[in-house]
file model.csv (CSV, C-alpha atoms and all ligand atoms)
chain,number,residue,atom,x,y,z
U,1,MET,CA,105.8,73.7,113.1
U,2,ASP,CA,108.6,75.1,111.0
U,3,LYS,CA,109.0,78.8,110.9
U,4,PRO,CA,108.5,80.4,107.5
U,5,LYS,CA,111.6,80.5,105.4
U,6,ILE,CA,113.3,83.8,105.3
U,7,THR,CA,114.3,84.9,101.8
U,8,GLU,CA,115.9,88.1,100.4
U,9,GLN,CA,112.4,89.1,99.4
U,10,THR,CA,111.3,88.8,103.1
U,11,ILE,CA,114.2,91.1,104.0
U,12,TRP,CA,113.1,93.7,101.3
U,13,ASP,CA,109.5,93.4,102.6
U,14,ILE,CA,110.5,94.0,106.2
U,15,LEU,CA,112.7,97.0,105.2
U,16,ASN,CA,109.8,98.4,103.2
U,17,THR,CA,107.9,98.8,106.5
U,18,VAL,CA,110.6,101.0,108.0
U,19,PRO,CA,109.7,104.6,107.6
U,20,ASP,CA,112.1,107.4,106.7
U,21,PRO,CA,112.8,109.3,110.0
U,22,GLU,CA,112.0,112.6,108.4
U,23,ILE,CA,109.2,111.8,106.0
U,24,PRO,CA,107.4,108.9,107.8
U,25,VAL,CA,104.9,108.3,105.0
U,26,VAL,CA,107.6,106.8,102.8
U,27,SER,CA,109.8,103.8,103.5
U,28,MET,CA,113.6,103.6,103.1
U,29,VAL,CA,113.1,101.2,100.3
U,30,GLU,CA,110.7,103.6,98.5
U,31,LEU,CA,113.3,106.3,98.9
U,32,GLY,CA,115.9,104.1,97.2
U,33,ILE,CA,118.1,104.2,100.3
U,34,VAL,CA,118.5,100.4,100.4
U,35,GLN,CA,120.9,99.4,97.6
U,36,ASP,CA,121.3,95.7,98.2
U,37,VAL,CA,120.4,92.9,100.5
U,38,GLN,CA,122.5,89.7,101.0
U,39,LEU,CA,121.1,86.9,103.0
U,40,HIS,CA,124.0,84.6,104.3
U,41,ASP,CA,121.7,82.1,106.0
U,42,ASP,CA,118.3,82.6,107.6
U,43,GLU,CA,119.9,84.2,110.6
U,44,SER,CA,122.3,86.7,109.2
U,45,VAL,CA,122.0,89.4,106.6
U,46,THR,CA,124.0,92.3,105.2
U,47,VAL,CA,122.1,95.4,104.1
U,48,LYS,CA,123.8,98.0,101.9
U,49,MET,CA,122.4,101.4,102.2
U,50,THR,CA,123.2,104.8,100.8
U,51,PRO,CA,122.0,107.9,102.8
U,52,THR,CA,120.1,110.6,100.9
U,53,PHE,CA,122.7,113.2,101.8
U,54,ALA,CA,126.2,112.6,102.8
U,55,GLY,CA,126.5,113.7,106.4
U,56,CYS,CA,122.8,113.1,106.8
U,57,PRO,CA,122.0,113.6,110.5
U,58,ALA,CA,119.4,110.9,110.5
U,59,LEU,CA,121.9,108.2,109.3
U,60,GLN,CA,122.4,106.6,112.7
U,61,MET,CA,118.7,106.5,113.2
U,62,MET,CA,118.1,104.9,109.8
U,63,GLN,CA,120.6,102.2,110.6
U,64,ASP,CA,119.1,101.5,114.0
U,65,ASP,CA,115.6,101.4,112.7
U,66,MET,CA,116.5,98.9,110.0
U,67,ARG,CA,118.4,96.8,112.4
U,68,ASP,CA,115.6,96.8,115.0
U,69,ALA,CA,113.0,95.8,112.3
U,70,LEU,CA,115.1,92.9,111.1
U,71,MET,CA,116.0,91.7,114.6
U,72,ASP,CA,112.3,91.8,115.6
U,73,ALA,CA,111.6,89.5,112.6
U,74,GLY,CA,114.1,87.0,114.1
U,75,ILE,CA,117.3,87.7,112.2
U,76,LYS,CA,120.1,87.3,114.7
U,77,ARG,CA,122.9,89.0,112.9
U,78,VAL,CA,122.3,92.2,111.0
U,79,GLU,CA,125.2,94.1,109.3
U,80,ILE,CA,124.3,97.5,107.9
U,81,LYS,CA,127.0,98.8,105.5
U,82,VAL,CA,126.9,102.4,104.4
U,83,VAL,CA,127.9,102.7,100.7
U,84,LEU,CA,128.6,106.2,99.4
U,85,ASP,CA,129.5,105.3,95.9
U,86,PRO,CA,127.5,105.4,93.7
U,87,PRO,CA,125.9,108.3,95.5
U,88,TRP,CA,122.2,108.4,96.1
U,89,THR,CA,120.1,110.5,93.7
U,90,SER,CA,116.5,111.7,94.2
U,91,ASP,CA,115.7,109.9,90.9
U,92,ARG,CA,115.8,106.7,92.9
U,93,ILE,CA,112.6,107.7,94.8
U,94,THR,CA,109.7,105.6,93.4
U,95,ASP,CA,106.7,107.2,91.7
U,96,GLU,CA,104.5,105.8,94.4
U,97,ALA,CA,106.6,107.5,97.1
U,98,ARG,CA,106.5,110.8,95.2
U,99,GLN,CA,102.8,110.7,95.4
U,100,LYS,CA,102.8,109.8,99.1
U,101,MET,CA,105.2,112.7,99.7
U,102,ALA,CA,102.9,115.1,97.8
U,103,ASP,CA,99.9,113.9,99.8
U,104,PHE,CA,101.9,114.5,103.0
U,105,GLY,CA,102.4,118.2,101.9
U,106,ILE,CA,106.0,118.0,100.6
U,107,ALA,CA,106.6,118.6,96.9
U,108,PRO,CA,108.6,115.7,95.5
U,109,PRO,CA,111.9,116.4,93.8
U,110,HIS,CA,112.2,117.2,90.1
U,111,LYS,CA,113.4,114.2,88.0
U,112,LEU,CA,116.9,114.8,87.0
U,113,HIS,CA,117.2,112.1,84.3
U,114,GLY,CA,121.0,111.9,84.7
U,115,LYS,CA,121.6,115.7,85.0
U,116,THR,CA,123.6,116.5,88.1
U,117,ASP,CA,122.8,120.1,88.9
U,118,GLY,CA,119.8,119.8,91.0
U,119,ALA,CA,120.1,123.4,92.3
U,120,MET,CA,119.9,124.7,88.8
U,121,ILE,CA,116.9,122.6,87.9
U,122,MET,CA,115.2,123.8,91.0
U,123,LEU,CA,115.7,127.4,89.9
U,124,MET,CA,114.5,126.8,86.4
U,125,GLU,CA,111.5,124.7,87.0
U,126,LYS,CA,108.9,125.7,89.6
U,127,PRO,CA,107.5,122.8,91.6
U,128,LYS,CA,103.8,122.3,91.7
U,129,CYS,CA,102.1,123.1,95.0
U,130,PRO,CA,101.3,119.8,96.8
U,131,PHE,CA,98.1,121.3,98.2
U,132,CYS,CA,96.4,122.8,95.1
U,133,GLU,CA,98.7,121.6,92.3
U,134,SER,CA,99.1,125.1,91.0
U,135,GLY,CA,102.4,125.9,89.3
U,136,ASN,CA,102.2,129.5,90.5
U,137,THR,CA,104.8,129.1,93.2
U,138,HIS,CA,108.0,130.8,94.2
U,139,LEU,CA,111.1,129.9,96.2
U,140,GLU,CA,111.1,131.5,99.7
U,141,ASN,CA,114.2,130.0,101.2
U,142,PRO,CA,116.5,127.4,99.7
U,143,PHE,CA,117.3,126.1,103.2
U,144,GLY,CA,114.4,124.5,104.8
U,145,PRO,CA,114.0,122.7,108.2
U,146,THR,CA,116.4,120.0,107.1
U,147,LEU,CA,119.3,119.9,104.7
U,148,CYS,CA,117.3,118.2,102.0
U,149,ARG,CA,114.3,120.6,101.9
U,150,ALA,CA,113.7,124.1,100.5
U,151,ILE,CA,110.7,126.3,101.4
U,152,TYR,CA,108.4,127.5,98.6
U,153,TYR,CA,105.2,129.6,98.7
U,154,CYS,CA,102.2,129.0,96.6
U,155,ASP,CA,100.8,132.2,95.2
U,156,ASN,CA,97.6,130.4,94.3
U,157,CYS,CA,96.4,129.0,97.6
U,158,GLN,CA,98.7,131.3,99.7
U,159,GLN,CA,100.4,128.6,101.6
U,160,PRO,CA,104.1,127.8,102.2
U,161,PHE,CA,105.2,124.3,101.4
U,162,GLU,CA,108.4,122.3,101.3
U,163,LEU,CA,110.2,120.8,98.4
U,164,PHE,CA,112.4,117.7,98.7
U,165,LYS,CA,115.4,119.1,96.8
U,166,PRO,CA,116.4,117.3,93.6
U,167,LEU,CA,119.9,115.8,94.0
Q,1,ZN,ZN,98.7,125.9,96.4
call {"tool": "encode", "arguments": {"input": "model.csv", "output": "structure tokens"}}
result
Amino acid sequence: MDKPKITEQTIWDILNTVPDPEIPVVSMVELGIVQDVQLHDDESVTVKMTPTFAGCPALQMMQDDMRDALMDAGIKRVEIKVVLDPPWTSDRITDEARQKMADFGIAPPHKLHGKTDGAMIMLMEKPKCPFCESGNTHLENPFGPTLCRAIYYCDNCQQPFELFKPL
């Protein structure tokens, strides 16, 4: 029996099962980290990816996880190219992934709509608490457990929560 033909869509589908190392409820595809997929023949593929933050400590892990998933699916040669231009922006995160993030307890980033000053938008617009959806929140610490997260406190349900910083 012939094995099923591998197409670029197959590659996207496989990558869509690879979770982000820091927020495992969303995939790298949903975060908009995967920029492009090129299938050369059904045994070799090039994946272009853009990390969320330049100097992201999870970069190596992301590359390894994607390579492993593709090789497990029978692709023999996997090249992962890191592309920094155009830079990643949090607006690339899909709406579905934003919802999953909120369900996981992390407030999704504000939409920037082309504006570049994420830090300013963060100060001007309070994020909604992912637990009770109240807007009655305040910034506790702009530097959370990882580079890309800030810590907020909900004055309604009295719980701290993290915000994925808009970028
Ligand atoms: Zn709350």
call {"tool": "residues_near_ligand", "arguments": {"input": "model.csv", "ligand": "ligand ZN 1 (chain Q)", "cutoff": "12 Å", "atoms": "only C-alpha atoms and all ligand atoms", "output": "short mmCIF file (atom, residue, chain, number, x, y, z; two decimals) with C-alpha atoms, in the coordinates of the input"}}
result
data_model
loop_
_atom_site.label_atom_id
_atom_site.label_comp_id
_atom_site.auth_asym_id
_atom_site.auth_seq_id
_atom_site.Cartn_x
_atom_site.Cartn_y
_atom_site.Cartn_z
CA ALA U 102 102.90 115.10 97.80
CA GLY U 105 102.40 118.20 101.90
CA ILE U 106 106.00 118.00 100.60
CA ALA U 107 106.60 118.60 96.90
CA PRO U 127 107.50 122.80 91.60
CA LYS U 128 103.80 122.30 91.70
CA CYS U 129 102.10 123.10 95.00
CA PRO U 130 101.30 119.80 96.80
CA PHE U 131 98.10 121.30 98.20
CA CYS U 132 96.40 122.80 95.10
CA GLU U 133 98.70 121.60 92.30
CA SER U 134 99.10 125.10 91.00
CA GLY U 135 102.40 125.90 89.30
CA ASN U 136 102.20 129.50 90.50
CA THR U 137 104.80 129.10 93.20
CA HIS U 138 108.00 130.80 94.20
CA TYR U 152 108.40 127.50 98.60
CA TYR U 153 105.20 129.60 98.70
CA CYS U 154 102.20 129.00 96.60
CA ASP U 155 100.80 132.20 95.20
CA ASN U 156 97.60 130.40 94.30
CA CYS U 157 96.40 129.00 97.60
CA GLN U 158 98.70 131.30 99.70
CA GLN U 159 100.40 128.60 101.60
CA PRO U 160 104.10 127.80 102.20
CA PHE U 161 105.20 124.30 101.40
CA GLU U 162 108.40 122.30 101.30
#
call {"tool": "residues_around", "arguments": {"input": "model.csv", "residues": "Ser27 in chain U", "least_positions_apart": "3", "cutoff": "8 Å", "atoms": "all atoms listed in the file", "output": "short mmCIF file (atom, residue, chain, number, x, y, z; two decimals) with C-alpha atoms, in the coordinates of the input"}}
result
data_model
loop_
_atom_site.label_atom_id
_atom_site.label_comp_id
_atom_site.auth_asym_id
_atom_site.auth_seq_id
_atom_site.Cartn_x
_atom_site.Cartn_y
_atom_site.Cartn_z
CA LEU U 15 112.70 97.00 105.20
CA ASN U 16 109.80 98.40 103.20
CA THR U 17 107.90 98.80 106.50
CA VAL U 18 110.60 101.00 108.00
CA PRO U 19 109.70 104.60 107.60
CA ASP U 20 112.10 107.40 106.70
CA PRO U 24 107.40 108.90 107.80
CA GLU U 30 110.70 103.60 98.50
CA LEU U 31 113.30 106.30 98.90
#
call {"tool": "closest_residue", "arguments": {"input": "model.csv", "among": "U:His113, U:Asp95, U:Met66, U:Thr52", "to": "Lys165 in chain U", "atoms": "all atoms listed in the file"}}
result
U:Thr52
call {"tool": "atom_distance", "arguments": {"input": "model.csv", "atom1": "CA of Thr50 in chain U", "atom2": "CA of Pro166 in chain U"}}
result
15.9 Å
call {"tool": "closest_residue", "arguments": {"input": "model.csv", "among": "U:Pro4, U:Trp88, U:Leu70, U:Arg77", "to": "Gln35 in chain U", "atoms": "all atoms listed in the file"}}
result
U:Trp88
call {"tool": "residues_around", "arguments": {"input": "model.csv", "residues": "Val78 in chain U", "least_positions_apart": "6", "cutoff": "7 Å", "atoms": "all atoms listed in the file", "output": "list in words"}}
result
Ser44, Val45, Thr46 and Arg67 of chain U
call {"tool": "closest_residue", "arguments": {"input": "model.csv", "among": "U:Asp36, U:Glu96, U:Asp13, U:Asp85", "to": "Ala69 in chain U", "atoms": "only C-alpha atoms"}}
result
U:Asp13
